[in-house]
Every structure is written in structure tokens, then in C-alpha cells.
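A.B. asks: Please see the structure below; I have some questions.
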Amino acid sequence: MTSILIRAIILYFLLVVTMRAMGKRQLGQFQPYEFVMVMLIANLVATPMSDVSTPLLHGVLPVAALYIVHALITLLSLRSDRLRALISGKPSVIISRGVIQQKELKRLCLTVSDLMEGLRMAGILDPAEAGTAVMEANGTITAFPDSRRRPPTAEEMNLAPGYEGMPMILIMDGRVQIHNLTTAQLEEKWLDRTLADRGTDRKNVFLCSIDTQGRMTLQDREGNIMQFQAIAAGEVKW
Amino acid sequence: MRMTLVSMLAVALLAGCICCFSLTRIERATVEIDGMRMEVLELIDADRPHEARERLRGMAEAWSRWEQELAVLVPHDMLHEIAGLIIEGDANLEAGDLDDFNRSMAMLGEAIRHLYEEERPQLNNIL
């Protein structure tokens, strides 16, 4: 029994390391060869995990082999567009200029219902609003509204909203995120001072973030939310 | 990209080393045990059953040592099968039943051969 427990833990960590090594994409949308790999890995570790008479290496080595093949395909795909198209396929435009490409739907064996479902998942309720829709290599449909039916952009309205980048999380659950603070070129003393000015301290803060316009948002443990200009927009350094 | 290439090569190298290590150890174990098996049979043919039993016991001890190591590389039922056949052979020899003894030794030889053949990288095993 203990052996099964330990083997399960070992194989679990092996899978975590392998999936992590494969990259973030695997956690989201799979390419076909990645999907195959994930399915195979689960089956390969199942037997050695529960059957003590099967050597652990009989689970480890096949997983290693799959990782090698996956890494090889990934590297070759980076180098060769043809190989990438062959292994992963190419995206296909299924709506162009608002017109549904019927031949493409037929080629992809997609029904109109599938298309409607894809459009709804992309946030487009009325197919008449879709300007362009693409079926990606991993099978998902991405769709974009017609330019006449989408909200105007800031540029079209001659507005200059400024750069909108990643907000920096400075405090999470009372703990200062030193790495983010350093990236933002801000100091702990400045943070403590800013919090003190607002009548709180780091331990009492559940979440504190600062955006690329210098606006700080913080929520304390009592659920109170404060938003204020912590630094000038021009002083933002990330 | 470089990290992927390096890690791929490292894993490939490690996997290759494990495969080579496994093959050499299993080959060594099977050669040793099969060699002892042949010696036992020769001693029986030379009408020296007492020495044959001693040799058989030595084979059991040797296999017991090899089992510890091979348990990491080979499914345990195969190892237990070989151990069982050695014990069976010893029991048959002690009882003076040479027909059953010869059968046990033949099956033992087959089991040892099977153990090695399963490990070898050959088309039968791949397909």
C-alpha cells in the first residue's frame, strides 16, 4: 500500500514536470499532437501507479520518450513552416467580409450549428455582426465583429488613453510581492508610507495593485476598496 | 528554444543510458543463471545428483540477488516465475523425479530466454 502511495506521488510529480516542460500552451488550447501526448501520458502512468509489480521505469521511460518526441516536433515546427502546417494544420477563414465561406465549412466538416456555437463563444450573438471568423489549427473558432458593429476604438475617436500594460500586484494576502515591487522600481518604504497615508498597513491589505497609469487599487481585509493616484503616470517605469 | 533543445537531449541521453543499462544487466543475469542451469544438467548427466543440488542451491541464491536488482527493470511476475521454477527443480531433484526435474529445467531455460528476448530491442517486441 505504501509503495502504491509513493509511486503515485512520484508519477504525479513526473507528470507535473513534464507538462510544465511542455509549455503553457498545453494548459490551454492543444495542438493535435499535444492533445495526443496528454492523452497518452495519462494512460502510461496509470498501470505503474497502481500495480506494484510493474517497475516504475515502465511509466517513466515512455513519458520521457513522449517528451523527447514532443520537444523534437516543437523545435522542428519552429524552424519549418511546412512541417508546422503538416503537423498542426493551418487556420482556415470561415467568414470573410461578413460572408460565410460555405466551401470551407464543407471542407472542414463544420455545420452551420458549429459555426453559430463558435460565434457565440466569441461573444457574437448575431451572425450578421461577424466580420471575420477563423477556425484555428487547434479546432477553436475565433471571430471578430464587423468594423461597423463594434465599439469605436480610442484612436478612431482621436483619444489618447495612454499605455495600458500589466498592473503590478504589490501585495497579495498581506504579503509584499518583492519581485513585482523591484520590477516596478518602487520601494517597500514608499509602499508602507503610501499605505500608512491611507490608514492601513501591509498586513491588513488583502490585495494591492498599481496600473501603468499610476493608479493604485487596494482592498483591505474588511472588504474596503480604495483607488487613488499613487504615482504620476509619467513615473511608471514598466 | 535552447532550453528545450538542451532538456530534450538530456532526457534522450538519460533514457538511452537507462535502456543500455537495463539490457546489459538483464543479459548478464540471464547468461549467469542459464550457465548455472547448464552446469546442473551436466552434473545430472554425469550422475552427480548431490553436486547438482548444491549447484541448484547456488543458482537459487544467485537469482535471489539478481532479483533485487532486476525488480526495478522487469515486471515482477517474470522474476517470480523463474524463482518458482528453480525451487520446483530443486524439489523434483530431491524427490528423485528426473522427468519432472528435466521439465522444470527446460521451462526455466525458456523463462530465462524469454526474459532476455523481451528486453532486446527487436522488431517482434516493437510490433
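Ordered as shown in the C-alpha cells, chains take letters A, B, and onward, while each chain numbers its residues from 1 and ligands are numbered from 1 in the order shown.
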Given only C-alpha atoms, how would the per-residue table for stretch 60-141 of chain A near stretch 9-28 of chain B read, listing every residue at most 9 Å away with its closest atom pair and distance in Å to one decimal, sorted by chain and number, as CSV?

C.D. replies:
residue,atom,partner,partner_atom,distance
A:Leu61,CA,B:Ala15,CA,6.5
A:Ala64,CA,B:Val11,CA,6.6
A:Ala65,CA,B:Ala12,CA,7.5
A:Tyr67,CA,B:Val11,CA,8.2
A:Ile68,CA,B:Ala12,CA,6.4

A.B. asks: At a cut-off of 9 Å, using only C-alpha atoms, what residues contact B:Asp34? Leave out same-chain residues fewer than 5 positions from it and give the result as a list in words.

C.D. replies: Ala29, Glu39, Leu108, Gly109, Ile112 and Arg113 of chain B

A.B. asks: Store the residues of this selection in a file with C-alpha atoms, as a PDB file, in the first residue's frame.

C.D. replies:
ATOM      1  CA  ALA B  29      21.800 -12.103 -15.212  1.00  0.00           C
ATOM      2  CA  GLU B  39      26.045 -26.942 -15.249  1.00  0.00           C
ATOM      3  CA  LEU B 108      13.428 -22.485 -16.591  1.00  0.00           C
ATOM      4  CA  GLY B 109      15.635 -22.191 -19.665  1.00  0.00           C
ATOM      5  CA  ILE B 112      15.275 -17.094 -18.850  1.00  0.00           C
ATOM      6  CA  ARG B 113      15.404 -16.878 -22.632  1.00  0.00           C
TER       7      ARG B 113
END

A.B. asks: Hey, list the chain B side of the contact with chain A: 8 Å cut-off, only C-alpha atoms, answer as a PDB file with C-alpha atoms, in the first residue's frame.

C.D. replies:
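Output file iface-v1.pdb follows:
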ATOM      1  CA  MET B   1      14.236  27.114 -27.669  1.00  0.00           C
ATOM      2  CA  THR B   4      14.019  22.859 -24.946  1.00  0.00           C
ATOM      3  CA  LEU B   5      16.852  21.505 -27.070  1.00  0.00           C
ATOM      4  CA  MET B   8      15.419  17.136 -24.900  1.00  0.00           C
ATOM      5  CA  LEU B   9      18.999  15.959 -25.402  1.00  0.00           C
ATOM      6  CA  VAL B  11      16.332  13.350 -21.369  1.00  0.00           C
ATOM      7  CA  ALA B  12      17.225  11.387 -24.517  1.00  0.00           C
ATOM      8  CA  ALA B  15      16.727   7.377 -21.381  1.00  0.00           C
ATOM      9  CA  ALA B  71      12.866  -5.815  -9.838  1.00  0.00           C
ATOM     10  CA  VAL B  72      13.495  -2.213 -10.891  1.00  0.00           C
ATOM     11  CA  LEU B  73      13.702  -3.150 -14.556  1.00  0.00           C
ATOM     12  CA  VAL B  74      11.413  -6.108 -15.184  1.00  0.00           C
ATOM     13  CA  PRO B  75       7.812  -6.987 -14.240  1.00  0.00           C
ATOM     14  CA  HIS B  76       7.887  -8.995 -11.053  1.00  0.00           C
ATOM     15  CA  ASP B  77       5.793 -11.924 -12.310  1.00  0.00           C
TER      16      ASP B  77
END

A.B. asks: Residues of stretch 21-151 of chain A classed as helix (DSSP H, G or I) by DSSP on the backbone are to be reported as a VMD selection string.

C.D. replies: chain A and resid 21 to 22 24 to 27 32 to 50 57 to 79 81 to 88 102 to 107 112 to 121 127 to 129

A.B. asks: Any idea what's packed within 12 Å of A:Ile10, counting only C-alpha atoms, ignoring anything in its chain fewer than 6 positions away? Could you give it as a list of chain:residue names?

C.D. replies: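 Within the cut-off, the hits are A:Ser3, A:Ile4, A:Val16, A:Val17, A:Val45, A:Pro48, A:Met49, A:Ser50, A:Leu56, A:Leu57, A:Gly59, A:Val60.
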
A.B. asks: What is the atom CA of A:Ile41-atom CA of A:Ile6 distance in Å, reported with one decimal?

C.D. replies: 18.6 Å

A.B. asks: Quick one: everything within 10 Å of B:Leu56, counting only C-alpha atoms, minus sequence neighbours fewer than 2 positions away in the same chain. Send it as a list in words.

C.D. replies: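 Here the answer would be Ile33, Met36, Arg37, Glu39, Val40, Leu41, His50, Glu51, Ala52, Arg53, Glu54, Gly58, Met59, Ala60, Glu61, Ala62, Ile86, Ile87, Gly89, Asp90 and Leu93 of chain B.
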
A.B. asks: Let me see the file: selected residues, C-alpha atoms, as a PDB file, in the first residue's frame.

C.D. replies:
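What landed in result15.pdb:
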ATOM      1  CA  ILE B  33      21.726 -18.173 -14.423  1.00  0.00           C
ATOM      2  CA  MET B  36      24.411 -22.437 -13.914  1.00  0.00           C
ATOM      3  CA  ARG B  37      21.366 -24.247 -15.256  1.00  0.00           C
ATOM      4  CA  GLU B  39      26.045 -26.942 -15.249  1.00  0.00           C
ATOM      5  CA  VAL B  40      23.267 -28.532 -13.184  1.00  0.00           C
ATOM      6  CA  LEU B  41      22.089 -30.518 -16.200  1.00  0.00           C
ATOM      7  CA  HIS B  50      24.427 -34.292  -4.907  1.00  0.00           C
ATOM      8  CA  GLU B  51      26.662 -31.753  -6.614  1.00  0.00           C
ATOM      9  CA  ALA B  52      23.790 -30.860  -8.928  1.00  0.00           C
ATOM     10  CA  ARG B  53      21.656 -29.999  -5.891  1.00  0.00           C
ATOM     11  CA  GLU B  54      24.452 -27.863  -4.477  1.00  0.00           C
ATOM     12  CA  GLY B  58      23.795 -21.751  -5.573  1.00  0.00           C
ATOM     13  CA  MET B  59      21.628 -20.823  -8.561  1.00  0.00           C
ATOM     14  CA  ALA B  60      18.718 -20.002  -6.231  1.00  0.00           C
ATOM     15  CA  GLU B  61      20.945 -17.722  -4.157  1.00  0.00           C
ATOM     16  CA  ALA B  62      22.366 -16.036  -7.245  1.00  0.00           C
ATOM     17  CA  ILE B  86      14.284 -23.078  -9.625  1.00  0.00           C
ATOM     18  CA  ILE B  87      12.523 -24.122  -6.415  1.00  0.00           C
ATOM     19  CA  GLY B  89      13.532 -28.096  -9.925  1.00  0.00           C
ATOM     20  CA  ASP B  90      15.183 -28.442  -6.523  1.00  0.00           C
ATOM     21  CA  LEU B  93      15.593 -33.398  -7.725  1.00  0.00           C
TER      22      LEU B  93
END

A.B. asks: Distance atom CA of A:Arg7-atom CA of B:Glu118, one decimal place?

C.D. replies: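 These atoms are spaced 24.0 Å apart.
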